[in-house]
Amino acid sequence: MSEPNPPSPPAWAASLKRFDKAWTAVEARACAVILVLEILALCMWIVLKNMPIAYSPEGGGSKAGLVLRGLLGGIALATVAHTIMGKVIKRDENALSVGPVHGAVVSLALVVGLALGKSWASFGADFFSNVYSWLQASSSLVMFNGLRGFASRMTLLVALLGASIATSKAKHINVDFGLRALPEKFRLPAAVTGWLAAAAVCVMAAYAFFDFIAIGNFQAPSKVECAAGDKGSSGNGQCDPSFGVKWEKVASTTKKDLFVARRQIVLDVKTFVRVMKSEKYSEMPAAEWNAWLDAADWSAYADADELASYHAADDSPREPKAPVPGGGDLKLLLVKEFNLFVLGVWFNLIAVRFLIRAILALTGAVSVDPDAAHASGDDDDQSRSDDALEAAATAEGGAA
């Protein structure tokens with residue numbers, strides 16, 4: 001049941017509510033874009049992984065490449081047939097006479113495409129093998145463990161984006177039995193207290209993830225020398241490092257990793273052209289490799305001896321894989337930064353969403369009625385009418 005005669009919210013609540021809705025809209029669009037990228041990455045991974053598998057009529061070995069080629073050929077021919085038949089139907093005054101033929105033609109095209117899979121069972125195997133090996137072993141995707149690793153990490157980001165959107169709309173998982181049992185005058189304090197507690201938990205979770213990732217992945221010190229006269233909790237003169245010490249290590253490592261990532265992207269652009277020409281990705285000419293190295297200033301991250309070791313001293317080709325100063329590896333290089341950003345930053349953003357929800361409830365801009373959470377749509381009973389908020393803003397402006 002709705003709250004009777006709710007108080008008019010203040011004028012600034014309209015601006016806060018518009019900001020909250022705009023934030024939700026941005027996150028919803030981001031979810032859509034990331035989901036598309038995730039689907040494309042998984043499709044590319046499946047296609048590029050199986051296209052290099054050549055079919056042998058003698059048998060023995062995988063037929064995944066043959067099956068994939070049959071499916072791709074069938075889909076391509078069926079799409080062409082559907083497009084052509086669609087144009088024929090549009091030109092026919094009596095489209096009903098052509099319509100029944102449409103499905104039969106498209107189905108036949110699909111079967112023909114499947115049957116023709118054997119005719120190109122080995123076509124492009126070497127080319128796709130070269131492309132797949134480059135993407136998985138020597139491209140920027142290596143920093144996320146390849147196409148599949150990139151897709152799996154995007155899933156985590158989508159999950160937290162969805163959690164933020166659900167929090168804004170009060171659609172998050174909520175046990176409202178206690179709230180329903182309370183008298184109506186106690187529901188608002190109880191709901192606000194719950195949201196504030198949830199925000200506090202999110203902030204603590206964000207810091208816990210930061211602390212764990214900083215020490216475990218960024219190699220920040222877990223203990224430092226205590227100040228003079230302080231023996232620490234263990235009595236050995238070792239104390240827990242401050243947030244600033246951990247942050248300094250995280251910031252310096254992230255700066256270096258992003259520099260390497262930018263250099264790898266430049267290298268990817270150079271390698272892509274060679275791969276599309278069917279040249280082996282792993283045989284980058286030494287002169288081109290050295291020119292790529294000298295095009296950037298590595299002095300902030302590698303000393304003269306280490307930088308000299310990166311250069312190709314002879315004419316042997318090099319693999320287009322950026323070196324990581326300090327002896328690191330390009331594989332999974334940016335995973336720790338991604339985890340820190342998603343788990344650290346996004347939990348704090350969800351905490352902000354809880355705080356905004358609490359403020360809007362206190363001002364009367366949203367309802368805490370338990371039944372309102374089950375409403376559907378953007379303009380549900382969980383939110384006050386925008387007209388009421390705008391009327392309050394107009395009235396206050398007129399009074400001024």
# chains A, B, ... in the order shown; residues from 1 in each chain; ligands from 1
call {"tool": "residues_around", "arguments": {"residues": "Lys63 (chain A)", "least_positions_apart": "4", "cutoff": "12 Å", "atoms": "only C-alpha atoms", "output": "number ranges by chain"}}
result
A: 50-59, 67-70, 117-118, 121-122
call {"tool": "residues_around", "arguments": {"residues": "region 254-266 of chain A", "least_positions_apart": "3", "cutoff": "12 Å", "atoms": "only C-alpha atoms", "output": "MDAnalysis selection string"}}
result
chainID A and resid 135 138:144 214 217:219 247:251 269:273 289 291:302 319:326 328:338 340:341
call {"tool": "closest_residue", "arguments": {"among": "A:Gly162, A:Pro221, A:Gly327, A:Gly237", "to": "Val26 (chain A)", "atoms": "only C-alpha atoms"}}
result
A:Gly162
call {"tool": "closest_residue", "arguments": {"among": "A:Pro317, A:Pro9, A:Gly103, A:Gly73", "to": "Ala115 (chain A)", "atoms": "only C-alpha atoms"}}
result
A:Gly73
call {"tool": "residues_around", "arguments": {"residues": "Thr193 (chain A)", "least_positions_apart": "3", "cutoff": "12 Å", "atoms": "only C-alpha atoms", "output": "list in words"}}
result
Leu179, Phe186, Arg187, Leu188, Pro189, Ala190, Leu196, Ala197, Ala198, Ala199, Ala200, Phe354, Leu355, Arg357, Ala358, Ile359, Ala361, Leu362 and Val368 of chain A
call {"tool": "closest_residue", "arguments": {"among": "A:Ile39, A:Ala313, A:Val131, A:Ile213", "to": "Asn290 (chain A)", "atoms": "only C-alpha atoms"}}
result
A:Ala313
call {"tool": "atom_distance", "arguments": {"atom1": "CA of Asn130 (chain A)", "atom2": "CA of Glu279 (chain A)"}}
result
8.2 Å
